[in-house]
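As structure tokens, the structure follows; a few thoughts come after it.
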Amino acid sequence: MIAARFALAESVEPEPHGGVRARRPHFSASALNAYAECERKWFYRYVCAAIEDPGSAASAYGTAFHLALERFHERYVRPRADELAAMHRDLEREIENAFAEHRDGFPTAVEFELQMRRARRTGQRYVEWLSAEAARAPFTVIGRELPAQLELEGFSFIGFIDRLDREDGSGSVGVVDYKTGTIATSAAQYLEKVRNFDDFQLPFYYWVRTAAGDRVTRLVLLPLKDALLEVRPIVLEVVPVPAAPARGDAPIGTVSIVDLERAKTRMIEICRELTSSQPRAFPVTDDPEACVFCAYAIACARRPPRDGERFGR
């Protein structure tokens with residue numbers, strides 16, 4: 001009787017391996033960047049939806065600051081140096097309103113107050129830079145949180161451009177991306193990320209606006225993280241052919257249309273990989289720093305250990 005209960009069942013044929021596909025029919029620069037940083041992270045986030053990330057004070061800070069600047073530039077479409085006092089006042093008010101609307105994103109009242117104070121100080125530095133920039137080369141803000149959509153060889157790409165500027169003198173367009181987190185500290189460093197296919201955001205926006213008929217000549221990362229530092233944008237000026245990279249920590253350099261074409265080609269290649277029906281694995285990054293703020297790190301047994309963790313797990 002007991003033996004019958006535990007009789008082994010007949011083996012069955014294993015199911016054939018199938019390919020893994022993204023859950024969404026479109027791709028964003030954030031998704032492509034996640035894939036470039038760690039293919040396993042992309043798998044967890046965009047295929048499994050393994051963890052609902054509740055966010056953090058840092059993400060709430062970025063969301064609120066972006067909203068404040070969007071509303072600020074609704075009024076200040078053509079910033080002028082003689083409006084400095086008014087711009088200081090109005091941006092501070094927009095920051096207070098935006099942070100109040102995102103109060104629930106901060107874990108404690110103390111964190112909320114500290115982050116809003118940091119945003120106020122950073123906002124003042126932003127206005128000082130904006131005034132000086134408007135005096136140096138007057139420009140018009142022609143887009144805020146502008147939807148970015150592009151079709152490339154049957155693949156759909158979507159996103160939002162933080163700000164789009166047009167120089168009053170030349171009519172050329174600059175794509176501006178606000179950054180409230182850690183970014184490249186020089187033009188050469190950011191160019192290296194573009195050439196190594198580690199960052200697709202500004203190349204993607206370049207092709208979106210070029211397809212819309214704009215003559216895009218500048219790609220700009222605008223750091224808004226540190227209230228103790230002056231605003232120092234990282235600028236890549238678009239040139240026809242590759243030039244020698246900027247030296248040292250210079251904030252201004254060049255990126256060639258050849259480099260941007262290569263980035264576009266790689267975007268399409270990644271989409272083909274992610275929509276293929278062929279079975280495949282998703283390897284873990286070999287950079288332990290990529291795991292520090294990853295929401296999936298605790299579930300990722302193969303993540304590379306940092307120096308202090310080598311004997312800790």
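Ordered as shown in the structure tokens, chains take letters A, B, and onward, while each chain numbers its residues from 1 and ligands are numbered from 1 in the order shown.
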Please report, as a tab-separated table, each residue of range 222-285 of chain A lying at most 12 Å from range 61-80 of chain A, together with the nearest pair of atoms and the separation in Å rounded to one decimal; use only C-alpha atoms, and order rows by chain and ascending residue number.
```
residue	atom	partner	partner_atom	distance
A:Leu222	CA	A:His66	CA	11.5
A:Pro223	CA	A:Gly62	CA	11.1
A:Leu224	CA	A:Phe65	CA	8.7
A:Lys225	CA	A:Gly62	CA	8.8
```
Problem set entry | DSSP helix (DSSP H, G or I) residues within range 117-282 of chain A, listed as a ChimeraX atom specification | /A:117-136,187-195,201-211,257-275
For this session: Rank nothing, just name the residue among A:Ile142, A:Val127, A:Val12, A:Leu84 nearest to Val173 in chain A, using only C-alpha atoms.
Result: A:Ile142
For this session: Please measure the separation of CA of Ile161 in chain A and CA of Leu146 in chain A, giving the value in Å to one decimal.
Result: 4.9 Å
Exercise. Could you pull the residues within 8 Å of range 26-42 of chain A, counting only C-alpha atoms, minus those fewer than 4 positions along the same chain, as a VMD selection string?
Worked result: chain A and resid 46 to 47 155 to 159 197 to 201 204 267 270 to 271 282 to 285 290 294 296
Go ahead and save the picked residues with N, CA and C atoms, as a compact mmCIF listing (two decimals), in the first residue's frame.
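Dumped to out_31.txt:
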```
# COMPACT_ATOMS: atom_id res chain seq x y z
N TYR A 46 11.48 44.64 -17.14
CA TYR A 46 10.60 44.80 -18.30
C TYR A 46 9.95 43.51 -18.78
N VAL A 47 10.40 42.38 -18.27
CA VAL A 47 9.76 41.11 -18.63
C VAL A 47 9.00 40.54 -17.43
N PHE A 155 10.30 49.49 -35.24
CA PHE A 155 10.31 49.55 -33.78
C PHE A 155 9.90 50.95 -33.33
N SER A 156 9.10 51.00 -32.28
CA SER A 156 8.60 52.27 -31.75
C SER A 156 9.41 52.68 -30.53
N PHE A 157 9.85 53.94 -30.51
CA PHE A 157 10.59 54.49 -29.39
C PHE A 157 9.81 55.68 -28.84
N ILE A 158 9.75 55.78 -27.51
CA ILE A 158 9.00 56.88 -26.90
C ILE A 158 9.81 57.49 -25.76
N GLY A 159 9.48 58.72 -25.40
CA GLY A 159 10.11 59.39 -24.27
C GLY A 159 9.59 60.80 -24.15
N PHE A 197 27.89 52.80 -26.18
CA PHE A 197 26.48 52.39 -26.12
C PHE A 197 26.01 52.17 -24.68
N ASP A 198 26.48 53.04 -23.79
CA ASP A 198 26.04 52.99 -22.39
C ASP A 198 24.93 54.00 -22.10
N ASP A 199 24.69 54.91 -23.03
CA ASP A 199 23.64 55.92 -22.84
C ASP A 199 23.05 56.26 -24.21
N PHE A 200 21.72 56.09 -24.30
CA PHE A 200 21.04 56.32 -25.58
C PHE A 200 20.10 57.53 -25.53
N GLN A 201 19.98 58.18 -24.40
CA GLN A 201 18.92 59.17 -24.24
C GLN A 201 19.07 60.36 -25.19
N PHE A 204 18.91 59.45 -28.91
CA PHE A 204 17.52 59.21 -29.29
C PHE A 204 16.79 60.53 -29.51
N MET A 267 20.58 50.92 -31.19
CA MET A 267 19.21 50.90 -30.65
C MET A 267 18.36 49.88 -31.39
N ILE A 270 19.42 46.27 -30.53
CA ILE A 270 18.92 45.83 -29.22
C ILE A 270 17.46 45.44 -29.32
N CYS A 271 16.68 46.23 -30.03
CA CYS A 271 15.26 45.91 -30.19
C CYS A 271 15.07 44.57 -30.89
N PHE A 282 20.14 36.17 -19.95
CA PHE A 282 20.34 37.59 -19.69
C PHE A 282 21.44 37.72 -18.64
N PRO A 283 22.68 37.90 -19.08
CA PRO A 283 23.80 37.91 -18.12
C PRO A 283 23.76 39.12 -17.19
N VAL A 284 24.39 38.93 -16.04
CA VAL A 284 24.49 39.98 -15.04
C VAL A 284 25.68 40.88 -15.39
N THR A 285 25.56 42.15 -15.09
CA THR A 285 26.67 43.08 -15.30
C THR A 285 27.91 42.65 -14.53
N ALA A 290 26.84 49.16 -10.50
CA ALA A 290 25.51 49.19 -11.11
C ALA A 290 24.47 48.54 -10.22
N CYS A 294 20.13 49.15 -7.38
CA CYS A 294 19.22 48.31 -8.17
C CYS A 294 18.16 47.70 -7.27
N TYR A 296 16.53 45.14 -7.75
CA TYR A 296 16.51 43.69 -7.87
C TYR A 296 17.75 43.03 -7.30
```
Problem set entry | 10 Å contact set for range 235-252 of chain A, only C-alpha atoms, chain neighbours under 5 positions out, as a list in words | Gly174, Val175, Val176, Ala184, Thr185, Ser186, Ala187, Ala188, Gln189, Tyr190, Leu191, Glu192, Leu202, Tyr206, Arg215, Val216, Thr217, Arg218, Leu219, Val220, Leu221, Leu222, Ile257, Val258, Asp259 and Leu260 of chain A
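Comparing the minimum interatomic distances between Ala135 in chain A and each of A:Glu113, A:Asp168, A:Glu153, A:Asp177, counting only C-alpha atoms, we find that A:Asp168 sits nearest.
Between CA of Ala58 in chain A and CA of Arg121 in chain A lies a distance of 16.0 Å.
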For this session: Can you check which residues of range 64-229 of chain A DSSP gives as strand (DSSP E) on the backbone and send them as a ChimeraX atom specification?
Result: /A:139-152,155-167,173-179,216-223
Problem set entry | Nearest candidate to Ala212 in chain A (options A:Asp90, A:Glu10, A:Glu145, A:Glu151; using only C-alpha atoms) | A:Glu151
Problem set entry | Atom-to-atom span, CA of Arg120 in chain A and CA of Ala98 in chain A, Å | 11.5 Å
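The shortest atom-to-atom distance to Pro107 in chain A, with only C-alpha atoms taken into account, belongs to A:Ala57 out of A:Pro305, A:Ala9, A:Phe43, A:Ala57.
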